[in-house]
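S.K.: Once you've had a glance at the structure underneath, I'll fire off some questions.
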Amino acid sequence: MAPAAVRIPDPRHTPVPFDGRPLGPQIFIHEGARQTLERRLELAFGSPVQLAVTDNLRRMVSHTRVRGTMRVRVHMMFLGAPERVRQALVEYIVRGDRRASGLLGDFIAANSHRIRASRPVTGPLRTRGAYHDLAEVLASVNAQYFGGAVGDVLVTWGRRTRPLGAKARQTIKLGSYSATERLIRVHPGLDRDWVPRYFLSYIVFHELLHHVIPAVPGSLHPPELLQREREFRHYERAIAWEQKNIARLLRAK
Ligand SMILES: [Zn+2]
């Protein structure tokens, strides 16, 4: 069977950069939902299925048969889709059903805010700092923890918020993630030679988790996110470093 794809409509805004690599490995999120969908596809196909979940913007659904195994890739938005959409997804993949294809197209259009920035980024992005290059940090975190599958998140050093000579701050937001811009901002106070690279990686990793695990009502940090955060290799070390250096960070210009 030839690979098939449902394509998203043309971006309404500035297209987000796309690295053009072939579909990367899956993002390990919502593992229970992934397995359920995989089993459902196996039943429908009557043959083994490998289901990968991707964050790929260009190809929302694709499948190909490799030596008797059906390899299916779907965008992560489908895992949380309503039942009728998941049913349509199965019908579309297994039979190329036209009506199902239309329903999927509608669902993708209605959820396009989840697959691309709904608000263009304002202002230039600055990834290369005096000491740390955030583009490098993002690329290595993406490769190490997401199999390179997160292809369309941007990163920048934030703007300096504290005037020179002002008193030390009370709080500091080390990182933030804007879902509408798909943009991670890292506090410029972290661009220092005394800030270890693993700490920046930890901040970027945490913000990427916000990208792959949406907030639920009442919780910006759902249990799944907190659990995943502990997969960071230097988690304990990063937390300890932050505690040890908080005063210094609060004074950072
Ligand atoms: Zn957070």
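In the structure tokens, chains take the letters A, B, ... in the order shown, each chain's residues start at 1, and ligands count up from 1 in the order shown.
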Ligand 1: which residues are within 10 Å, counting only C-alpha atoms and all ligand atoms, as a list in words?
M.R.: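 So, counting only C-alpha atoms and all ligand atoms, the residues near ligand 1 are Lys173, Leu174, Gly175, Ser176, Tyr177, Ile203, Phe205, His206, Glu207, Leu208, Leu209, His210, Ala215, Ser219, Leu220, His221, Pro222, Leu225, Leu226 and Glu229 of chain A.
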S.K.: Could you list, as a PyMOL selection string, every residue within 6 Å of region 118-133 of chain A, counting only C-alpha atoms and ignoring same-chain residues fewer than 5 positions away?
M.R.: chain A and resi 113+156-157+180-181+191-193
S.K.: Residues of region 182-237 of chain A classed as alpha helix (DSSP H) by DSSP on the backbone are to be reported as a PyMOL selection string.
M.R.: chain A and resi 197-212+223-229+235-237
S.K.: Quick one: residues within 8 Å of Ser101 (chain A), only C-alpha atoms, excluding same-chain residues fewer than 5 positions away - as a ChimeraX atom specification?
M.R.: /A:6,88-89,92,96
S.K.: Counting only C-alpha atoms, which residue out of A:Arg71, A:Arg230, A:His63, A:His187 sits closest to Arg95 (chain A)?
M.R.: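 Ranking A:Arg71, A:Arg230, A:His63, A:His187 by distance to Arg95 (chain A), first place goes to A:His63.
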S.K.: To one decimal in Å, tell me the separation between CA of Pro48 (chain A) and CA of Thr69 (chain A).
M.R.: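 Here the two named atoms are 5.1 Å from each other.
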S.K.: If you run DSSP over the backbone, which residues in region 29-237 of chain A end up strand (DSSP E or B)? Put them as a ChimeraX atom specification.
M.R.: /A:49-54,61-66,69-75,128,133,154-157,175-178,183-186,216,219
S.K.: Using the selection just defined, write its residues with N, CA and C atoms as a compact mmCIF listing (two decimals), in the first residue's frame.
M.R.:
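As a result, result_20.txt now contains:
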```txt
# COMPACT_ATOMS: atom_id res chain seq x y z
N VAL A 49 0.91 -3.73 13.81
CA VAL A 49 0.99 -2.30 13.54
C VAL A 49 2.01 -1.67 14.49
N GLN A 50 2.84 -0.79 13.93
CA GLN A 50 3.70 0.04 14.76
C GLN A 50 3.19 1.46 14.64
N LEU A 51 2.71 2.00 15.72
CA LEU A 51 2.17 3.36 15.67
C LEU A 51 3.16 4.33 16.29
N ALA A 52 3.55 5.33 15.51
CA ALA A 52 4.43 6.38 16.01
C ALA A 52 3.64 7.68 16.09
N VAL A 53 3.89 8.43 17.14
CA VAL A 53 3.21 9.71 17.32
C VAL A 53 4.22 10.80 17.01
N THR A 54 3.85 11.72 16.14
CA THR A 54 4.81 12.74 15.73
C THR A 54 4.25 14.14 15.96
N VAL A 61 -0.95 12.34 8.89
CA VAL A 61 -1.23 10.91 8.98
C VAL A 61 -0.50 10.23 7.82
N SER A 62 0.21 9.19 8.11
CA SER A 62 0.81 8.44 7.00
C SER A 62 0.94 6.98 7.39
N HIS A 63 0.98 6.11 6.42
CA HIS A 63 1.20 4.71 6.72
C HIS A 63 1.85 4.01 5.55
N THR A 64 2.62 3.01 5.91
CA THR A 64 3.32 2.26 4.89
C THR A 64 3.53 0.85 5.42
N ARG A 65 3.52 -0.14 4.51
CA ARG A 65 3.68 -1.52 4.98
C ARG A 65 5.13 -1.95 4.77
N VAL A 66 5.73 -2.42 5.83
CA VAL A 66 7.12 -2.88 5.74
C VAL A 66 7.16 -4.33 6.23
N THR A 69 4.42 -5.62 8.42
CA THR A 69 4.03 -4.76 9.53
C THR A 69 3.59 -3.41 8.98
N MET A 70 2.45 -2.95 9.48
CA MET A 70 1.97 -1.64 9.05
C MET A 70 2.60 -0.59 9.95
N ARG A 71 3.33 0.33 9.35
CA ARG A 71 3.91 1.43 10.13
C ARG A 71 3.05 2.66 9.93
N VAL A 72 2.49 3.12 11.02
CA VAL A 72 1.56 4.25 10.96
C VAL A 72 2.15 5.39 11.78
N ARG A 73 2.03 6.60 11.22
CA ARG A 73 2.45 7.79 11.98
C ARG A 73 1.29 8.76 12.02
N VAL A 74 1.00 9.24 13.20
CA VAL A 74 -0.07 10.24 13.30
C VAL A 74 0.40 11.40 14.16
N HIS A 75 -0.17 12.55 13.89
CA HIS A 75 0.15 13.73 14.70
C HIS A 75 -0.39 13.54 16.12
N ARG A 128 21.78 33.16 20.03
CA ARG A 128 23.19 33.12 20.39
C ARG A 128 23.47 34.19 21.44
N ASP A 133 24.51 29.19 23.48
CA ASP A 133 23.73 29.22 22.25
C ASP A 133 22.46 28.38 22.46
N LEU A 154 10.37 27.26 18.60
CA LEU A 154 11.43 28.27 18.53
C LEU A 154 11.94 28.58 19.92
N VAL A 155 13.11 29.16 19.97
CA VAL A 155 13.68 29.53 21.26
C VAL A 155 14.37 30.88 21.14
N THR A 156 14.35 31.65 22.21
CA THR A 156 15.05 32.93 22.20
C THR A 156 15.44 33.31 23.63
N TRP A 157 16.47 34.12 23.73
CA TRP A 157 16.73 34.76 25.00
C TRP A 157 15.65 35.81 25.21
N GLY A 175 12.34 30.46 32.63
CA GLY A 175 11.94 30.08 31.29
C GLY A 175 10.44 30.19 31.16
N SER A 176 9.96 30.32 29.92
CA SER A 176 8.51 30.30 29.71
C SER A 176 8.25 29.72 28.33
N TYR A 177 7.03 29.23 28.14
CA TYR A 177 6.66 28.69 26.84
C TYR A 177 5.35 29.32 26.39
N SER A 178 5.37 29.92 25.21
CA SER A 178 4.15 30.48 24.63
C SER A 178 3.62 29.51 23.57
N LEU A 183 6.96 29.29 21.18
CA LEU A 183 8.25 29.91 21.45
C LEU A 183 8.65 29.74 22.92
N ILE A 184 9.88 29.29 23.12
CA ILE A 184 10.46 29.19 24.46
C ILE A 184 11.30 30.44 24.69
N ARG A 185 11.06 31.09 25.81
CA ARG A 185 11.90 32.23 26.18
C ARG A 185 12.72 31.84 27.40
N VAL A 186 14.00 32.15 27.34
CA VAL A 186 14.89 31.85 28.46
C VAL A 186 15.39 33.18 29.02
N VAL A 216 -3.76 21.20 31.77
CA VAL A 216 -5.15 20.81 31.95
C VAL A 216 -5.78 21.87 32.84
N SER A 219 -4.28 23.13 36.21
CA SER A 219 -2.90 22.72 36.41
C SER A 219 -2.03 22.95 35.18
```
S.K.: How many Å lie between CA of Val85 (chain A) and CA of Leu104 (chain A), rounded to one decimal?
M.R.: 6.5 Å
S.K.: Which of these, A:Ala143, A:Ala33, A:Leu79, A:Arg40, has the shortest distance to Ile93 (chain A) once you count only C-alpha atoms?
M.R.: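 Answer, going by the shortest atom-to-atom distance: A:Arg40.
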S.K.: At what distance in Å, to one decimal, does CA of Glu224 (chain A) lie from CA of Glu83 (chain A)?
M.R.: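 Going from CA of Glu83 (chain A) over to CA of Glu224 (chain A), I get 21.9 Å.
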